[in-house]
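Structure file protein.pdb (PDB, C-alpha atoms, pLDDT in the B column) is printed below.
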ATOM      1  CA  MET F  62     144.732 197.415 109.074  1.00 46.00           C
ATOM      2  CA  GLU F  63     143.239 196.085 112.263  1.00 46.00           C
ATOM      3  CA  GLY F  64     140.729 194.190 110.139  1.00 48.00           C
ATOM      4  CA  ASP F  65     143.605 192.588 108.201  1.00 47.00           C
ATOM      5  CA  VAL F  66     145.269 191.460 111.448  1.00 43.00           C
ATOM      6  CA  GLU F  67     142.008 189.996 112.747  1.00 49.00           C
ATOM      7  CA  MET F  68     141.518 188.146 109.449  1.00 46.00           C
ATOM      8  CA  ALA F  69     145.096 186.782 109.572  1.00 47.00           C
ATOM      9  CA  THR F  70     144.641 185.497 113.110  1.00 48.00           C
ATOM     10  CA  ALA F  71     141.284 184.050 112.154  1.00 49.00           C
ATOM     11  CA  GLU F  72     142.867 182.368 109.132  1.00 56.00           C
ATOM     12  CA  GLY F  73     145.730 181.110 111.336  1.00 57.00           C
ATOM     13  CA  GLY F  74     143.202 179.677 113.799  1.00 62.00           C
ATOM     14  CA  THR F  75     141.312 177.928 111.023  1.00 73.00           C
ATOM     15  CA  THR F  76     144.524 176.471 109.596  1.00 80.00           C
ATOM     16  CA  VAL F  77     145.350 175.038 113.032  1.00 82.00           C
ATOM     17  CA  GLU F  78     141.846 173.592 113.269  1.00 85.00           C
ATOM     18  CA  LEU F  79     142.156 172.190 109.752  1.00 85.00           C
ATOM     19  CA  ASP F  80     145.458 170.539 110.624  1.00 87.00           C
ATOM     20  CA  ASP F  81     143.885 169.022 113.753  1.00 88.00           C
ATOM     21  CA  MET F  82     140.937 167.778 111.736  1.00 87.00           C
ATOM     22  CA  LYS F  83     143.269 166.258 109.106  1.00 88.00           C
ATOM     23  CA  LYS F  84     145.236 164.469 111.834  1.00 90.00           C
ATOM     24  CA  ARG F  85     142.024 163.102 113.369  1.00 89.00           C
ATOM     25  CA  LEU F  86     140.777 161.993 109.967  1.00 86.00           C
ATOM     26  CA  LYS F  87     144.088 160.235 109.304  1.00 89.00           C
ATOM     27  CA  GLU F  88     143.893 158.460 112.688  1.00 90.00           C
ATOM     28  CA  MET F  89     140.282 157.422 112.035  1.00 88.00           C
ATOM     29  CA  ASP F  90     141.269 156.159 108.586  1.00 86.00           C
ATOM     30  CA  ASN F  91     144.108 154.090 110.082  1.00 87.00           C
ATOM     31  CA  GLU F  92     141.762 152.636 112.728  1.00 88.00           C
ATOM     32  CA  ALA F  93     139.160 151.804 110.100  1.00 85.00           C
ATOM     33  CA  SER F  94     141.729 150.116 107.839  1.00 84.00           C
ATOM     34  CA  SER F  95     143.103 148.014 110.749  1.00 84.00           C
ATOM     35  CA  ALA F  96     139.542 147.023 111.758  1.00 85.00           C
ATOM     36  CA  LEU F  97     138.845 146.134 108.124  1.00 84.00           C
ATOM     37  CA  ARG F  98     141.978 143.953 108.002  1.00 85.00           C
ATOM     38  CA  GLU F  99     140.892 142.123 111.193  1.00 86.00           C
ATOM     39  CA  MET F 100     137.423 141.538 109.773  1.00 84.00           C
ATOM     40  CA  GLN F 101     138.914 140.210 106.533  1.00 83.00           C
ATOM     41  CA  ALA F 102     141.148 137.827 108.502  1.00 82.00           C
ATOM     42  CA  LYS F 103     138.100 136.554 110.440  1.00 80.00           C
ATOM     43  CA  VAL F 104     136.122 136.072 107.241  1.00 78.00           C
ATOM     44  CA  GLU F 105     139.025 134.212 105.640  1.00 76.00           C
ATOM     45  CA  GLN F 106     139.254 131.892 108.668  1.00 75.00           C
ATOM     46  CA  GLU F 107     135.515 131.232 108.538  1.00 72.00           C
ATOM     47  CA  MET F 108     135.707 130.653 104.791  1.00 68.00           C
ATOM     48  CA  GLY F 109     138.562 128.218 105.391  1.00 63.00           C
ATOM     49  CA  GLY F 110     136.328 126.315 107.828  1.00 58.00           C
ATOM     50  CA  ALA F 111     133.483 126.473 105.311  1.00 58.00           C
ATOM     51  CA  GLN F 112     135.810 125.141 102.622  1.00 64.00           C
ATOM     52  CA  ASP F 113     136.707 122.247 104.928  1.00 66.00           C
ATOM     53  CA  LEU F 114     133.001 121.549 105.438  1.00 66.00           C
ATOM     54  CA  THR F 115     132.289 121.724 101.713  1.00 71.00           C
ATOM     55  CA  ALA F 116     135.247 119.427 101.043  1.00 74.00           C
ATOM     56  CA  ALA F 117     133.947 116.962 103.648  1.00 73.00           C
ATOM     57  CA  ALA F 118     130.448 117.132 102.146  1.00 73.00           C
ATOM     58  CA  ALA F 119     131.877 116.598  98.655  1.00 75.00           C
ATOM     59  CA  SER F 120     133.886 113.591  99.813  1.00 79.00           C
ATOM     60  CA  GLN F 121     130.772 112.182 101.539  1.00 76.00           C
ATOM     61  CA  THR F 122     128.682 112.543  98.361  1.00 80.00           C
ATOM     62  CA  ASN F 123     131.524 110.983  96.348  1.00 83.00           C
ATOM     63  CA  LYS F 124     131.631 108.076  98.825  1.00 85.00           C
ATOM     64  CA  GLU F 125     127.855 107.622  98.558  1.00 85.00           C
ATOM     65  CA  GLU F 126     128.098 107.609  94.765  1.00 87.00           C
ATOM     66  CA  VAL F 127     130.830 104.927  94.873  1.00 87.00           C
ATOM     67  CA  ASP F 128     128.764 102.890  97.363  1.00 88.00           C
ATOM     68  CA  ARG F 129     125.800 102.939  94.957  1.00 90.00           C
ATOM     69  CA  ARG F 130     128.047 101.216  92.411  1.00 91.00           C
ATOM     70  CA  SER F 131     129.400  98.607  94.877  1.00 93.00           C
ATOM     71  CA  VAL F 132     128.262  95.301  96.348  1.00 94.00           C
ATOM     72  CA  PHE F 133     129.194  93.439  99.520  1.00 94.00           C
ATOM     73  CA  VAL F 134     130.267  89.821  98.983  1.00 94.00           C
ATOM     74  CA  GLY F 135     130.211  87.597 102.059  1.00 94.00           C
ATOM     75  CA  ASN F 136     131.422  84.017 102.652  1.00 93.00           C
ATOM     76  CA  VAL F 137     134.424  84.460 100.343  1.00 93.00           C
ATOM     77  CA  ASP F 138     136.952  81.625 100.526  1.00 93.00           C
ATOM     78  CA  TYR F 139     140.176  82.606 102.301  1.00 92.00           C
ATOM     79  CA  ALA F 140     142.252  81.311  99.368  1.00 91.00           C
ATOM     80  CA  CYS F 141     140.330  83.456  96.843  1.00 91.00           C
ATOM     81  CA  THR F 142     142.274  86.156  94.985  1.00 91.00           C
ATOM     82  CA  PRO F 143     140.843  89.499  93.809  1.00 92.00           C
ATOM     83  CA  GLU F 144     141.326  88.369  90.194  1.00 93.00           C
ATOM     84  CA  GLU F 145     139.091  85.326  90.764  1.00 93.00           C
ATOM     85  CA  VAL F 146     136.391  87.482  92.352  1.00 93.00           C
ATOM     86  CA  GLN F 147     136.663  89.903  89.425  1.00 93.00           C
ATOM     87  CA  GLN F 148     136.236  87.044  86.909  1.00 93.00           C
ATOM     88  CA  HIS F 149     133.195  85.809  88.852  1.00 93.00           C
ATOM     89  CA  PHE F 150     131.485  89.221  88.507  1.00 93.00           C
ATOM     90  CA  GLN F 151     132.735  89.991  84.973  1.00 92.00           C
ATOM     91  CA  SER F 152     129.388  88.978  83.437  1.00 91.00           C
ATOM     92  CA  CYS F 153     127.559  91.694  85.439  1.00 91.00           C
ATOM     93  CA  GLY F 154     129.524  94.623  84.030  1.00 90.00           C
ATOM     94  CA  THR F 155     132.897  96.344  84.122  1.00 91.00           C
ATOM     95  CA  VAL F 156     134.555  95.759  87.490  1.00 92.00           C
ATOM     96  CA  ASN F 157     136.383  98.868  88.647  1.00 91.00           C
ATOM     97  CA  ARG F 158     137.950  97.464  91.844  1.00 92.00           C
ATOM     98  CA  VAL F 159     137.845  94.404  94.114  1.00 93.00           C
ATOM     99  CA  THR F 160     138.753  94.819  97.784  1.00 92.00           C
ATOM    100  CA  ILE F 161     139.212  91.735  99.952  1.00 93.00           C
ATOM    101  CA  ARG F 162     139.341  92.868 103.581  1.00 91.00           C
ATOM    102  CA  THR F 163     142.161  91.550 105.772  1.00 91.00           C
ATOM    103  CA  ASN F 164     142.975  91.665 109.476  1.00 91.00           C
ATOM    104  CA  LYS F 165     146.064  93.317 110.959  1.00 91.00           C
ATOM    105  CA  TYR F 166     148.159  90.225 110.181  1.00 91.00           C
ATOM    106  CA  GLY F 167     147.224  90.263 106.479  1.00 89.00           C
ATOM    107  CA  GLN F 168     144.886  87.242 106.705  1.00 92.00           C
ATOM    108  CA  PRO F 169     141.620  87.596 104.717  1.00 92.00           C
ATOM    109  CA  LYS F 170     138.470  88.109 106.795  1.00 92.00           C
ATOM    110  CA  GLY F 171     136.187  86.204 104.421  1.00 92.00           C
ATOM    111  CA  TYR F 172     134.362  89.067 102.719  1.00 94.00           C
ATOM    112  CA  ALA F 173     135.008  91.484  99.880  1.00 94.00           C
ATOM    113  CA  TYR F 174     133.669  94.601  98.176  1.00 94.00           C
ATOM    114  CA  VAL F 175     133.270  94.795  94.397  1.00 94.00           C
ATOM    115  CA  GLU F 176     132.999  98.239  92.799  1.00 93.00           C
ATOM    116  CA  PHE F 177     131.530  98.503  89.294  1.00 93.00           C
ATOM    117  CA  LEU F 178     131.810 101.232  86.683  1.00 91.00           C
ATOM    118  CA  GLU F 179     128.025 101.397  86.120  1.00 90.00           C
ATOM    119  CA  THR F 180     125.189 101.489  88.649  1.00 89.00           C
ATOM    120  CA  GLU F 181     123.148  98.962  86.610  1.00 91.00           C
ATOM    121  CA  ALA F 182     125.809  96.300  87.201  1.00 91.00           C
ATOM    122  CA  VAL F 183     124.849  96.199  90.904  1.00 91.00           C
ATOM    123  CA  GLU F 184     121.399  94.829  90.019  1.00 92.00           C
ATOM    124  CA  GLN F 185     123.006  92.145  87.850  1.00 91.00           C
ATOM    125  CA  ALA F 186     125.447  91.261  90.651  1.00 92.00           C
ATOM    126  CA  LEU F 187     122.591  90.852  93.158  1.00 92.00           C
ATOM    127  CA  LEU F 188     121.196  88.116  90.891  1.00 92.00           C
ATOM    128  CA  LEU F 189     124.383  86.126  91.584  1.00 91.00           C
ATOM    129  CA  ASN F 190     123.436  85.780  95.276  1.00 91.00           C
ATOM    130  CA  GLU F 191     124.091  82.234  96.559  1.00 90.00           C
ATOM    131  CA  SER F 192     126.251  81.404  93.528  1.00 92.00           C
ATOM    132  CA  GLU F 193     129.321  79.269  94.228  1.00 92.00           C
ATOM    133  CA  LEU F 194     132.977  80.322  94.150  1.00 91.00           C
ATOM    134  CA  HIS F 195     135.645  77.885  95.390  1.00 90.00           C
ATOM    135  CA  GLY F 196     132.864  75.606  96.644  1.00 90.00           C
ATOM    136  CA  ARG F 197     131.296  78.305  98.873  1.00 91.00           C
ATOM    137  CA  GLN F 198     127.935  80.000  98.448  1.00 93.00           C
ATOM    138  CA  LEU F 199     128.446  83.747  98.189  1.00 93.00           C
ATOM    139  CA  LYS F 200     126.174  86.132 100.076  1.00 93.00           C
ATOM    140  CA  ILE F 201     125.800  89.237  97.909  1.00 94.00           C
ATOM    141  CA  SER F 202     124.044  92.436  98.979  1.00 92.00           C
ATOM    142  CA  ALA F 203     124.180  96.105  98.010  1.00 91.00           C
ATOM    143  CA  LYS F 204     126.869  98.010  99.903  1.00 89.00           C
ATOM    144  CA  ARG F 205     125.505 100.405 102.495  1.00 84.00           C
ATOM    145  CA  THR F 206     127.055 103.791 103.178  1.00 79.00           C
ATOM    146  CA  ASN F 207     128.548 104.215 106.622  1.00 73.00           C
ATOM    147  CA  VAL F 208     127.455 107.367 108.403  1.00 67.00           C
ATOM    148  CA  PRO F 209     130.410 108.830 110.306  1.00 64.00           C
ATOM    149  CA  GLY F 210     129.898 109.057 114.043  1.00 63.00           C
ATOM    150  CA  MET F 211     127.001 106.582 114.046  1.00 61.00           C
ATOM    151  CA  LYS F 212     127.786 103.300 115.733  1.00 63.00           C
ATOM    152  CA  GLN F 213     125.196 100.590 115.955  1.00 62.00           C
ATOM    153  CA  PHE F 214     124.098  99.869 119.516  1.00 61.00           C
ATOM    154  CA  ARG F 215     123.698  96.198 120.286  1.00 65.00           C
ATOM    155  CA  PRO F 216     122.380  95.471 123.787  1.00 66.00           C
ATOM    156  CA  ARG F 217     123.849  92.479 125.564  1.00 66.00           C
ATOM    157  CA  PRO F 218     121.449  89.573 125.607  1.00 66.00           C
ATOM    158  CA  SER F 219     120.247  88.712 129.080  1.00 66.00           C
ATOM    159  CA  ASN F 220     120.924  85.201 130.323  1.00 63.00           C
ATOM    160  CA  PRO F 221     117.702  83.685 131.696  1.00 62.00           C
ATOM    161  CA  TYR F 222     119.665  81.154 133.758  1.00 63.00           C
ATOM    162  CA  MET F 223     121.533  83.775 135.762  1.00 59.00           C
ATOM    163  CA  GLY F 224     119.824  85.370 138.730  1.00 54.00           C
ATOM    164  CA  PHE F 225     119.042  89.052 138.956  1.00 53.00           C
ATOM    165  CA  ARG F 226     121.405  89.566 141.861  1.00 53.00           C
ATOM    166  CA  SER F 227     125.116  89.753 141.297  1.00 52.00           C
ATOM    167  CA  ARG F 228     127.118  87.009 142.921  1.00 54.00           C
ATOM    168  CA  THR F 229     129.540  88.405 145.453  1.00 54.00           C
ATOM    169  CA  PRO F 230     132.505  86.323 146.582  1.00 55.00           C
ATOM    170  CA  PHE F 231     132.538  85.075 150.182  1.00 53.00           C
ATOM    171  CA  MET F 232     134.609  87.300 152.448  1.00 56.00           C
ATOM    172  CA  ALA F 233     136.263  85.281 155.235  1.00 54.00           C
ATOM    173  CA  ALA F 234     136.193  86.770 158.714  1.00 51.00           C
ATOM    174  CA  ALA F 235     139.386  88.164 160.228  1.00 53.00           C
ATOM    175  CA  PRO F 236     141.210  85.564 162.409  1.00 52.00           C
ATOM    176  CA  PHE F 237     141.007  87.680 165.591  1.00 51.00           C
ATOM    177  CA  ILE F 238     137.187  87.661 165.529  1.00 54.00           C
ATOM    178  CA  PHE F 239     135.609  84.682 167.260  1.00 55.00           C
ATOM    179  CA  SER F 240     134.288  82.218 164.740  1.00 56.00           C
ATOM    180  CA  PRO F 241     131.737  79.594 165.799  1.00 60.00           C
ATOM    181  CA  TYR F 242     133.207  77.208 163.225  1.00 58.00           C
ATOM    182  CA  GLY F 243     136.687  77.061 164.782  1.00 60.00           C
ATOM    183  CA  TYR F 244     140.030  78.378 163.578  1.00 60.00           C
ATOM    184  CA  GLY F 245     140.669  77.763 159.882  1.00 61.00           C
ATOM    185  CA  LYS F 246     137.223  76.370 159.193  1.00 64.00           C
ATOM    186  CA  VAL F 247     135.117  78.118 156.615  1.00 63.00           C
ATOM    187  CA  PRO F 248     131.328  77.997 156.688  1.00 62.00           C
ATOM    188  CA  ARG F 249     129.783  76.345 153.682  1.00 62.00           C
ATOM    189  CA  PHE F 250     126.845  78.069 152.099  1.00 62.00           C
ATOM    190  CA  ARG F 251     124.422  76.307 149.882  1.00 60.00           C
ATOM    191  CA  ALA F 252     123.690  77.746 146.457  1.00 61.00           C
ATOM    192  CA  PRO F 253     120.286  79.435 146.355  1.00 62.00           C
ATOM    193  CA  MET F 254     117.512  77.059 145.399  1.00 62.00           C
ATOM    194  CA  ARG F 255     115.980  77.526 141.994  1.00 66.00           C
ATOM    195  CA  TYR F 256     112.324  76.864 141.494  1.00 67.00           C
ATOM    196  CA  SER F 257     111.612  73.308 140.431  1.00 67.00           C
ATOM    197  CA  PRO F 258     108.020  72.196 139.945  1.00 69.00           C
ATOM    198  CA  TYR F 259     108.877  68.488 140.380  1.00 67.00           C
ATOM    199  CA  PHE F 260     109.727  68.502 144.107  1.00 55.00           C
TER     200      PHE F 260
END
Now, as a test, write the supplied structure out as structure tokens.
Amino acid sequence: MEGDVEMATAEGGTTVELDDMKKRLKEMDNEASSALREMQAKVEQEMGGAQDLTAAAASQTNKEEVDRRSVFVGNVDYACTPEEVQQHFQSCGTVNRVTIRTNKYGQPKGYAYVEFLETEAVEQALLLNESELHGRQLKISAKRTNVPGMKQFRPRPSNPYMGFRSRTPFMAAAPFIFSPYGYGKVPRFRAPMRYSPYF
């Protein structure tokens, strides 16, 4: 009988330990599932950013493909309509779109872009360089693709007639300081002499 009591207490102790272990396992499972949810949320955010990048890359490749089928037309008459430009380039191939650029007031800037359906039409359109439309010679070149974030740097041309020093304006002396020129009189300075070989 004493052996049965010892076994019952031993079994009771193991059941308590089992219950504790089950609770710990449940807690660990909950922690793991919450950590898994957080990781999935992070991955979804990163994938969303990757999808934005892939969409941007796809739009860039689409833009490059359209630019390969387009030409730049310069020196376009201000009175020219897109229909007239389209008729001018009709012999090259199927014109998909004509865009005449305008300023913020709606006035034409004097150049246009012509987009063709086929890439081969661009080569035909380049042959029309210096052809006349409305009495003006058109300047036709293949359209280049703009790279976002890249701005062309153009240095300011230096003026050889200006000196290297900056010209500072003359600062008149305060009236309370003695001036050898008298009150209200301003000294006259001569401009610096430039080199002249004929003197």
For Gln148 in chain F, which residue out of F:Val127, F:Ala116, F:Leu194, F:Val134 is the nearest one, using only C-alpha atoms?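 Between F:Val127, F:Ala116, F:Leu194, F:Val134, the residue approaching Gln148 in chain F most closely is F:Leu194.
Considering the residues F:Ala93, F:Ile201, F:Ala182, F:Val132 and counting all atoms listed in the file, Val159 in chain F has its shortest atom-to-atom contact with F:Val132.
Residue nearest Ala203 in chain F within the list F:Ser94, F:Ser131, F:Thr75, F:Thr155: F:Ser131 [criterion: smallest interatomic distance, only C-alpha atoms].
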Pick the closest to Val156 in chain F from F:Leu178, F:Leu199, F:Leu86, F:Val137: which is it, counting only C-alpha atoms? F:Leu178
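For the atom pair formed by CA of Phe133 in chain F and CA of Tyr166 in chain F, the distance is 22.0 Å, given to one decimal.
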Let me know the residues the PyMOL selection byres ((chain F and resi 146) around 9) catches in the file above, as a ChimeraX atom specification. /F:137,141-145,147-151,159,173,175,194
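Computed from the coordinates, the CA of Gln121 in chain F to CA of Thr206 in chain F distance equals 9.3 Å.
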F:Glu176, F:Glu99, F:Glu105, F:Glu78: which is nearest Glu126 in chain F, counting only C-alpha atoms?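 Using only C-alpha atoms, Glu126 in chain F sits closest to F:Glu176.
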Range 84-98 of chain F dumped to file, N, CA and C atoms, as a PDB file, in the first residue's frame:
ATOM      1  N   LYS F  84       2.028  24.477 -20.467  1.00  0.00           N
ATOM      2  CA  LYS F  84       1.854  25.932 -20.429  1.00  0.00           C
ATOM      3  C   LYS F  84       3.041  26.637 -21.088  1.00  0.00           C
ATOM      4  N   ARG F  85       4.264  26.193 -20.745  1.00  0.00           N
ATOM      5  CA  ARG F  85       5.455  26.802 -21.332  1.00  0.00           C
ATOM      6  C   ARG F  85       5.492  26.611 -22.854  1.00  0.00           C
ATOM      7  N   LEU F  86       5.119  25.429 -23.284  1.00  0.00           N
ATOM      8  CA  LEU F  86       5.080  25.172 -24.733  1.00  0.00           C
ATOM      9  C   LEU F  86       4.069  26.079 -25.422  1.00  0.00           C
ATOM     10  N   LYS F  87       2.905  26.266 -24.763  1.00  0.00           N
ATOM     11  CA  LYS F  87       1.882  27.144 -25.347  1.00  0.00           C
ATOM     12  C   LYS F  87       2.398  28.581 -25.426  1.00  0.00           C
ATOM     13  N   GLU F  88       3.073  29.052 -24.358  1.00  0.00           N
ATOM     14  CA  GLU F  88       3.630  30.403 -24.366  1.00  0.00           C
ATOM     15  C   GLU F  88       4.682  30.553 -25.460  1.00  0.00           C
ATOM     16  N   MET F  89       5.566  29.554 -25.590  1.00  0.00           N
ATOM     17  CA  MET F  89       6.597  29.594 -26.622  1.00  0.00           C
ATOM     18  C   MET F  89       5.974  29.588 -28.017  1.00  0.00           C
ATOM     19  N   ASP F  90       4.901  28.831 -28.175  1.00  0.00           N
ATOM     20  CA  ASP F  90       4.210  28.778 -29.468  1.00  0.00           C
ATOM     21  C   ASP F  90       3.601  30.141 -29.805  1.00  0.00           C
ATOM     22  N   ASN F  91       2.989  30.783 -28.789  1.00  0.00           N
ATOM     23  CA  ASN F  91       2.412  32.114 -29.005  1.00  0.00           C
ATOM     24  C   ASN F  91       3.497  33.134 -29.371  1.00  0.00           C
ATOM     25  N   GLU F  92       4.645  33.086 -28.660  1.00  0.00           N
ATOM     26  CA  GLU F  92       5.740  33.994 -28.961  1.00  0.00           C
ATOM     27  C   GLU F  92       6.264  33.774 -30.379  1.00  0.00           C
ATOM     28  N   ALA F  93       6.404  32.509 -30.744  1.00  0.00           N
ATOM     29  CA  ALA F  93       6.913  32.183 -32.077  1.00  0.00           C
ATOM     30  C   ALA F  93       5.937  32.663 -33.163  1.00  0.00           C
ATOM     31  N   SER F  94       4.637  32.481 -32.922  1.00  0.00           N
ATOM     32  CA  SER F  94       3.659  32.905 -33.935  1.00  0.00           C
ATOM     33  C   SER F  94       3.637  34.432 -34.066  1.00  0.00           C
ATOM     34  N   SER F  95       3.778  35.171 -32.924  1.00  0.00           N
ATOM     35  CA  SER F  95       3.805  36.633 -33.007  1.00  0.00           C
ATOM     36  C   SER F  95       5.086  37.102 -33.714  1.00  0.00           C
ATOM     37  N   ALA F  96       6.220  36.447 -33.430  1.00  0.00           N
ATOM     38  CA  ALA F  96       7.470  36.799 -34.111  1.00  0.00           C
ATOM     39  C   ALA F  96       7.351  36.506 -35.606  1.00  0.00           C
ATOM     40  N   LEU F  97       6.687  35.396 -35.945  1.00  0.00           N
ATOM     41  CA  LEU F  97       6.492  35.049 -37.346  1.00  0.00           C
ATOM     42  C   LEU F  97       5.626  36.087 -38.053  1.00  0.00           C
ATOM     43  N   ARG F  98       4.576  36.564 -37.354  1.00  0.00           N
ATOM     44  CA  ARG F  98       3.710  37.596 -37.943  1.00  0.00           C
ATOM     45  C   ARG F  98       4.496  38.885 -38.195  1.00  0.00           C
TER      46      ARG F  98
END
